[in-house]
Amino acid sequence: MDHLPFKLGIHPINWVGEDVLEHGDFFTYEQVMRDISTLGFRGTEVSRKFPKDPIALKNALNKYNLVLTTQWKSVFFTDPTRHEAELQAYRDHVKFLAYFGCKVVSTAEIGGSMLNQDPRRKQDETFVERLDDDGWKYLVEGLHKAGEICKEHGMDLVYHHHAGTVVEQPDEIARLMEMTEPHLVSLLYDTGHGYYGSNDPVTLLDTYFDRIKYIHLKDVRENILQRAREESFSIRQSIRSGIFTVPGEGCLDFEPIITTLIKRGYTGWALIEGEQDPTIYQPVEYAKRSLSFLQKMVIHSFKAEK
């Protein structure tokens with residue numbers, strides 16, 4: 001992986017689900033870290049199975065020669081009465097990631113989302129409560145303050161446009177980028193969640209390349225996506241049904257994505273994500289297949305340039 005033009009890591013969600021808790025719940029953090037290290041990856045995110053104590057986590061990462069790249073942080077800025085508490089929790093999270101030398105903070109608004117992280121909603125809603133003008137105003141205010149906290153620690157807030165949340169569709173991503181200050185709010189580009197949200201992944205990458213500071217490489221099974229739309233699946237139901245997989249196993253065309261990353265000089269982290277049932281889609285095998293697929297894309301891109 002040393003010859004790749006950007007830093008390629010892998011997310012432990014390929015082993016242990018974060019939204020679908022039964023996926024990979026039998027794995028220990030030692031098994032996950034050992035597999036990631038043996039595969040040759042260095043960069044990874046936090047798993048719910050990893051040690052919660054910072055010192056214990058750092059020791060475990062060091063043992064397996066791994067580095068932490070970031071960890072998802074849910075925020076509820078669309079409710080202005082929660083800003084003070086949300087920002088304090090955000091500051092604590094930033095300090096935690098700074099301890100590991102992380103450069104970005106994966107951030108996503110969960111107010112109005114399908115997931116039951118929004119305490120006002122029932123578990124596994126099948127629709128998103130879209131933001132009104134006030135909701136957008138409060139979200140941006142919170143993100144700007146959170147972005148300032150990141151800057152205080154030499155980090156960047158990267159907003160994760162995410163399936164089943166208030167920022168997933170093309171007009172929502174565009175509005176977020178237009179309303180936020182570029183020096184305070186960057187973008188986490190996710191190929192799979194982008195496609196789920198009716199974005200063309202290549203257009204999304206081209207349009208916001210200058211704001212992108214972190215990447216998730218995820219594929220989508222088109223037949224399951226169509227069924228999820230027709231039958232109004234919740235996010236968890238979609239994941240349980242196998243909507244997401246690793247690059248090379250779904251419908252997305254990664255060649256123009258990889259070509260764009262190379263031509264435009266992306267040098268940050270890009271993490272492989274599958275988020276599928278590990279008892280059906282064996283994580284190590286699928287990671288190997290995806291890595292081989294991406295390496296072929298890189299080689300083909302370099303040959304095309306010549």
# chains A, B, ... in the order shown; residues from 1 in each chain; ligands from 1
call {"tool": "residues_around", "arguments": {"residues": "Leu87 (chain A)", "least_positions_apart": "2", "cutoff": "10 Å", "atoms": "only C-alpha atoms", "output": "list in words"}}
result
Val75, Phe76, Phe77, Arg82, His83, Glu84, Ala85, Ala89, Tyr90, Arg91, Asp92, His93, Gly142, Leu143, Lys145, Ala146 and Ile149 of chain A
call {"tool": "write_last_selection", "arguments": {"atoms": "N, CA, C and O atoms", "output": "short mmCIF file (atom, residue, chain, number, x, y, z; two decimals), in the first residue's frame"}}
result
data_model
loop_
_atom_site.label_atom_id
_atom_site.label_comp_id
_atom_site.auth_asym_id
_atom_site.auth_seq_id
_atom_site.Cartn_x
_atom_site.Cartn_y
_atom_site.Cartn_z
N VAL A 75 -23.86 15.06 16.72
CA VAL A 75 -24.20 16.34 17.35
C VAL A 75 -25.69 16.59 17.16
O VAL A 75 -26.32 16.04 16.25
N PHE A 76 -26.24 17.42 18.04
CA PHE A 76 -27.67 17.75 17.98
C PHE A 76 -27.80 19.26 18.02
O PHE A 76 -28.43 19.84 18.90
N PHE A 77 -27.17 19.91 17.03
CA PHE A 77 -27.14 21.37 17.00
C PHE A 77 -28.44 21.98 16.50
O PHE A 77 -28.67 23.18 16.69
N ARG A 82 -29.82 22.82 23.20
CA ARG A 82 -28.83 21.79 23.52
C ARG A 82 -27.40 22.23 23.20
O ARG A 82 -26.45 21.48 23.48
N HIS A 83 -27.23 23.42 22.65
CA HIS A 83 -25.91 23.83 22.16
C HIS A 83 -24.83 23.77 23.23
O HIS A 83 -23.73 23.25 22.99
N GLU A 84 -25.09 24.30 24.39
CA GLU A 84 -24.06 24.35 25.43
C GLU A 84 -23.59 22.95 25.80
O GLU A 84 -22.38 22.68 25.84
N ALA A 85 -24.52 22.05 26.03
CA ALA A 85 -24.16 20.68 26.40
C ALA A 85 -23.48 19.96 25.24
O ALA A 85 -22.51 19.20 25.43
N ALA A 89 -19.61 18.39 25.17
CA ALA A 89 -19.33 17.01 24.79
C ALA A 89 -18.41 16.96 23.58
O ALA A 89 -17.53 16.08 23.49
N TYR A 90 -18.59 17.90 22.67
CA TYR A 90 -17.75 17.94 21.48
C TYR A 90 -16.30 18.27 21.86
O TYR A 90 -15.36 17.67 21.34
N ARG A 91 -16.15 19.23 22.78
CA ARG A 91 -14.80 19.60 23.23
C ARG A 91 -14.09 18.40 23.85
O ARG A 91 -12.91 18.15 23.60
N ASP A 92 -14.82 17.63 24.65
CA ASP A 92 -14.24 16.44 25.27
C ASP A 92 -13.82 15.43 24.21
O ASP A 92 -12.76 14.78 24.32
N HIS A 93 -14.64 15.29 23.18
CA HIS A 93 -14.34 14.36 22.11
C HIS A 93 -13.10 14.80 21.33
O HIS A 93 -12.24 13.97 20.98
N GLY A 142 -23.90 25.89 15.37
CA GLY A 142 -23.22 24.88 16.17
C GLY A 142 -21.97 24.35 15.50
O GLY A 142 -20.93 24.17 16.16
N LEU A 143 -22.05 24.13 14.20
CA LEU A 143 -20.89 23.61 13.49
C LEU A 143 -19.73 24.61 13.48
O LEU A 143 -18.57 24.22 13.60
N LYS A 145 -19.04 26.82 15.80
CA LYS A 145 -18.43 26.79 17.13
C LYS A 145 -17.62 25.51 17.33
O LYS A 145 -16.54 25.53 17.92
N ALA A 146 -18.15 24.39 16.83
CA ALA A 146 -17.42 23.13 16.93
C ALA A 146 -16.15 23.18 16.09
O ALA A 146 -15.10 22.67 16.50
N ILE A 149 -13.48 24.89 17.96
CA ILE A 149 -12.88 23.99 18.96
C ILE A 149 -11.83 23.10 18.30
O ILE A 149 -10.74 22.89 18.83
#
call {"tool": "select_by_dssp", "arguments": {"residues": "region 64-268 of chain A", "states": "helix (DSSP H, G or I)", "output": "ChimeraX atom specification"}}
result
/A:80-99,133-152,170-179,191-196,201-211,222-231,235-240,255-263
call {"tool": "residues_around", "arguments": {"residues": "Pro5 (chain A)", "least_positions_apart": "3", "cutoff": "8 Å", "atoms": "only C-alpha atoms", "output": "short mmCIF file (atom, residue, chain, number, x, y, z; two decimals) with C-alpha atoms, in the first residue's frame"}}
result
data_model
loop_
_atom_site.label_atom_id
_atom_site.label_comp_id
_atom_site.auth_asym_id
_atom_site.auth_seq_id
_atom_site.Cartn_x
_atom_site.Cartn_y
_atom_site.Cartn_z
CA ILE A 262 -4.72 10.99 -8.04
CA GLY A 265 -3.45 15.33 -5.51
CA TYR A 266 -5.47 14.04 -2.55
CA THR A 267 -3.04 13.05 0.20
#
call {"tool": "closest_residue", "arguments": {"among": "A:Glu129, A:Glu22, A:Glu168, A:Asp35", "to": "Pro283 (chain A)", "atoms": "only C-alpha atoms"}}
result
A:Asp35
call {"tool": "closest_residue", "arguments": {"among": "A:Thr69, A:Thr191, A:Thr165, A:Thr203", "to": "His216 (chain A)", "atoms": "only C-alpha atoms"}}
result
A:Thr191
call {"tool": "closest_residue", "arguments": {"among": "A:Ser198, A:Gln295, A:Gln276, A:Thr126", "to": "Ser234 (chain A)", "atoms": "only C-alpha atoms"}}
result
A:Thr126
call {"tool": "closest_residue", "arguments": {"among": "A:Ala228, A:Val128, A:His161, A:Lys151", "to": "Ala108 (chain A)", "atoms": "only C-alpha atoms"}}
result
A:His161
